[in-house]
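What follows is input-v6.pdb (PDB, C-alpha atoms).
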ATOM      1  CA  MET A  27     -45.912  96.917 -64.195  1.00  0.00           C
ATOM      2  CA  GLY A  28     -44.330  93.670 -63.072  1.00  0.00           C
ATOM      3  CA  ASP A  29     -42.277  95.412 -60.378  1.00  0.00           C
ATOM      4  CA  ALA A  30     -45.293  97.368 -59.066  1.00  0.00           C
ATOM      5  CA  VAL A  31     -48.050  94.725 -59.108  1.00  0.00           C
ATOM      6  CA  SER A  32     -48.276  90.961 -59.182  1.00  0.00           C
ATOM      7  CA  TRP A  33     -51.321  90.638 -61.442  1.00  0.00           C
ATOM      8  CA  THR A  34     -49.975  91.954 -64.780  1.00  0.00           C
ATOM      9  CA  ASP A  35     -46.746  92.765 -66.575  1.00  0.00           C
ATOM     10  CA  PHE A  36     -47.891  95.581 -68.852  1.00  0.00           C
ATOM     11  CA  PHE A  37     -50.571  98.228 -69.225  1.00  0.00           C
ATOM     12  CA  VAL A  38     -51.326  99.461 -72.720  1.00  0.00           C
ATOM     13  CA  ILE A  39     -53.131 102.798 -72.706  1.00  0.00           C
ATOM     14  CA  ALA A  40     -54.793 104.074 -75.868  1.00  0.00           C
ATOM     15  CA  THR A  41     -57.190 106.890 -76.675  1.00  0.00           C
ATOM     16  CA  GLY A  42     -59.984 107.042 -79.208  1.00  0.00           C
ATOM     17  CA  ALA A  43     -61.616 110.317 -80.195  1.00  0.00           C
ATOM     18  CA  ASN A  44     -65.088 109.131 -79.140  1.00  0.00           C
ATOM     19  CA  PRO A  45     -66.904 105.996 -77.903  1.00  0.00           C
ATOM     20  CA  ARG A  46     -67.373 104.677 -81.430  1.00  0.00           C
ATOM     21  CA  GLN A  47     -63.646 104.865 -82.053  1.00  0.00           C
ATOM     22  CA  THR A  48     -62.760 103.281 -78.687  1.00  0.00           C
ATOM     23  CA  LYS A  49     -64.989 100.331 -79.637  1.00  0.00           C
ATOM     24  CA  ALA A  50     -63.214 100.044 -82.990  1.00  0.00           C
ATOM     25  CA  ILE A  51     -59.773 100.180 -81.371  1.00  0.00           C
ATOM     26  CA  ALA A  52     -60.717  97.538 -78.794  1.00  0.00           C
ATOM     27  CA  ALA A  53     -62.246  95.286 -81.470  1.00  0.00           C
ATOM     28  CA  GLU A  54     -59.115  95.569 -83.599  1.00  0.00           C
ATOM     29  CA  ILE A  55     -56.843  94.676 -80.677  1.00  0.00           C
ATOM     30  CA  GLU A  56     -58.980  91.665 -79.783  1.00  0.00           C
ATOM     31  CA  GLY A  57     -59.179  90.612 -83.423  1.00  0.00           C
ATOM     32  CA  LYS A  58     -55.428  90.808 -83.986  1.00  0.00           C
ATOM     33  CA  LEU A  59     -54.666  88.821 -80.832  1.00  0.00           C
ATOM     34  CA  ARG A  60     -57.477  86.263 -81.148  1.00  0.00           C
ATOM     35  CA  ALA A  61     -55.284  83.713 -82.958  1.00  0.00           C
ATOM     36  CA  ARG A  62     -52.734  83.803 -80.128  1.00  0.00           C
ATOM     37  CA  ARG A  63     -54.862  84.407 -77.061  1.00  0.00           C
ATOM     38  CA  ARG A  64     -58.311  85.327 -75.872  1.00  0.00           C
ATOM     39  CA  ALA A  65     -59.077  88.022 -73.359  1.00  0.00           C
ATOM     40  CA  ALA A  66     -59.823  86.731 -69.877  1.00  0.00           C
ATOM     41  CA  ARG A  67     -62.221  89.642 -69.383  1.00  0.00           C
ATOM     42  CA  VAL A  68     -63.530  92.666 -71.259  1.00  0.00           C
ATOM     43  CA  GLU A  69     -65.354  95.488 -69.498  1.00  0.00           C
ATOM     44  CA  GLY A  70     -66.886  98.792 -70.526  1.00  0.00           C
ATOM     45  CA  GLU A  71     -67.844  97.968 -74.101  1.00  0.00           C
ATOM     46  CA  ARG A  72     -71.416  99.215 -73.766  1.00  0.00           C
ATOM     47  CA  GLU A  73     -70.569 102.757 -72.678  1.00  0.00           C
ATOM     48  CA  ALA A  74     -67.183 102.688 -74.466  1.00  0.00           C
ATOM     49  CA  GLU A  75     -65.750 105.588 -72.455  1.00  0.00           C
ATOM     50  CA  TRP A  76     -63.172 103.238 -70.923  1.00  0.00           C
ATOM     51  CA  ILE A  77     -62.803  99.739 -72.313  1.00  0.00           C
ATOM     52  CA  LEU A  78     -60.605  97.360 -70.356  1.00  0.00           C
ATOM     53  CA  ILE A  79     -59.307  94.209 -72.048  1.00  0.00           C
ATOM     54  CA  ASP A  80     -57.557  91.837 -69.657  1.00  0.00           C
ATOM     55  CA  PHE A  81     -55.119  89.410 -71.268  1.00  0.00           C
ATOM     56  CA  ILE A  82     -53.694  88.569 -67.791  1.00  0.00           C
ATOM     57  CA  ASP A  83     -50.067  89.558 -68.486  1.00  0.00           C
ATOM     58  CA  VAL A  84     -51.170  92.596 -70.523  1.00  0.00           C
ATOM     59  CA  VAL A  85     -54.096  94.833 -69.587  1.00  0.00           C
ATOM     60  CA  VAL A  86     -55.306  97.162 -72.340  1.00  0.00           C
ATOM     61  CA  HIS A  87     -57.144 100.384 -71.496  1.00  0.00           C
ATOM     62  CA  VAL A  88     -58.895 102.237 -74.334  1.00  0.00           C
ATOM     63  CA  PHE A  89     -60.206 105.635 -73.252  1.00  0.00           C
ATOM     64  CA  THR A  90     -62.056 108.573 -74.686  1.00  0.00           C
ATOM     65  CA  PRO A  91     -60.095 111.788 -74.044  1.00  0.00           C
ATOM     66  CA  ALA A  92     -62.429 112.844 -71.190  1.00  0.00           C
ATOM     67  CA  ALA A  93     -62.189 109.468 -69.429  1.00  0.00           C
ATOM     68  CA  ARG A  94     -58.412 109.371 -69.828  1.00  0.00           C
ATOM     69  CA  ALA A  95     -58.111 112.838 -68.311  1.00  0.00           C
ATOM     70  CA  PHE A  96     -60.472 111.913 -65.458  1.00  0.00           C
ATOM     71  CA  TYR A  97     -58.828 108.607 -64.461  1.00  0.00           C
ATOM     72  CA  ARG A  98     -55.226 109.724 -65.132  1.00  0.00           C
ATOM     73  CA  LEU A  99     -53.681 106.247 -65.019  1.00  0.00           C
ATOM     74  CA  GLU A 100     -50.332 107.705 -66.046  1.00  0.00           C
ATOM     75  CA  THR A 101     -50.356 109.777 -62.848  1.00  0.00           C
ATOM     76  CA  LEU A 102     -51.654 106.942 -60.682  1.00  0.00           C
ATOM     77  CA  TRP A 103     -48.881 104.644 -61.914  1.00  0.00           C
ATOM     78  CA  GLY A 104     -46.355 107.449 -62.420  1.00  0.00           C
ATOM     79  CA  ASP A 105     -43.506 105.621 -60.696  1.00  0.00           C
ATOM     80  CA  VAL A 106     -43.677 102.666 -63.100  1.00  0.00           C
ATOM     81  CA  PRO A 107     -41.251 102.797 -66.065  1.00  0.00           C
ATOM     82  CA  ARG A 108     -42.887 103.597 -69.417  1.00  0.00           C
ATOM     83  CA  LEU A 109     -42.410 102.439 -72.965  1.00  0.00           C
ATOM     84  CA  ALA A 110     -43.812 104.931 -75.445  1.00  0.00           C
ATOM     85  CA  LEU A 111     -45.261 103.464 -78.632  1.00  0.00           C
ATOM     86  CA  VAL A 112     -46.753 105.528 -81.387  1.00  0.00           C
ATOM     87  CA  VAL A 113     -48.956 103.638 -83.807  1.00  0.00           C
ATOM     88  CA  GLN A 114     -49.950 105.377 -86.981  1.00  0.00           C
ATOM     89  CA  GLY A 115     -52.326 103.827 -89.353  1.00  0.00           C
TER      90      GLY A 115
END
Show me the file's structure as structure tokens.
Amino acid sequence: MGDAVSWTDFFVIATGANPRQTKAIAAEIEGKLRARRRAARVEGEREAEWILIDFIDVVVHVFTPAARAFYRLETLWGDVPRLALVVQG
């Protein structure tokens, strides 16, 4: 993202099966990073269709499948190079 925008270096895009799972994913990300850094801003936790966690240099987006399909961030930022990460747990 650093070449496309000045306000962040990376987007992390994740999908949970439903709002309950998106909340759990977001909470886990915040919990794992809490010792190193705190989020500057978190939005969307109440509805949990799209939770945004802003760590300044990394912005995390946690979507439900419907919200991810609707907002299509991968298409919007399609010209930005991607790193694919698959996390299995």
The PyMOL selection byres ((chain A and resi 90-104) around 7) resolved against shown file, as a ChimeraX atom specification:
/A:41-45,48,75-76,89,105-106
Extending 3 Å beyond the listed atoms of region 72-79 of chain A on each side, what axis-aligned box results? I want centre and edge lengths in Å to one decimal, as AutoDock Vina command-line options.
--center_x -65.4 --center_y 99.9 --center_z -72.4 --size_x 18.1 --size_y 17.4 --size_z 10.1
Counting only C-alpha atoms, which residues sit no farther than 7 Å from the position (-51.5, 103.4, -76.0) in the file's frame? I'd like them as a count of residues only.
5
Give me the residues near Val86 (chain A) as a tab-separated table (two decimals) with C-alpha atoms, keeping the file's coordinate frame, where near means some atom within 9 Å (using all atoms listed in the file) and where sequence neighbours in that chain fewer than 5 positions away do not count.
chain	number	residue	atom	x	y	z
A	36	PHE	CA	-47.89	95.58	-68.85
A	37	PHE	CA	-50.57	98.23	-69.22
A	38	VAL	CA	-51.33	99.46	-72.72
A	39	ILE	CA	-53.13	102.80	-72.71
A	40	ALA	CA	-54.79	104.07	-75.87
A	52	ALA	CA	-60.72	97.54	-78.79
A	55	ILE	CA	-56.84	94.68	-80.68
A	77	ILE	CA	-62.80	99.74	-72.31
A	78	LEU	CA	-60.60	97.36	-70.36
A	79	ILE	CA	-59.31	94.21	-72.05
A	80	ASP	CA	-57.56	91.84	-69.66
A	81	PHE	CA	-55.12	89.41	-71.27
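We find CA of Gly70 (chain A) and CA of Lys58 (chain A) to be spaced 19.4 Å apart.
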Residue among A:Val88, A:Leu59, A:Ala53, A:Ala110 lying closest to Ala74 (chain A), counting all atoms listed in the file
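Looking at the shortest contact to Ala74 (chain A), the residue is A:Val88.
Of the residues listed (A:Ile51, A:Glu56, A:Glu69, A:Arg63), A:Arg63 shows the shortest atom-to-atom separation from Ile82 (chain A); distances use all atoms listed in the file.
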Quick check, in Å to one decimal: how far apart do CA of Asp83 (chain A) and CA of Ala50 (chain A) lie?
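Going from CA of Asp83 (chain A) over to CA of Ala50 (chain A) covers 22.2 Å.
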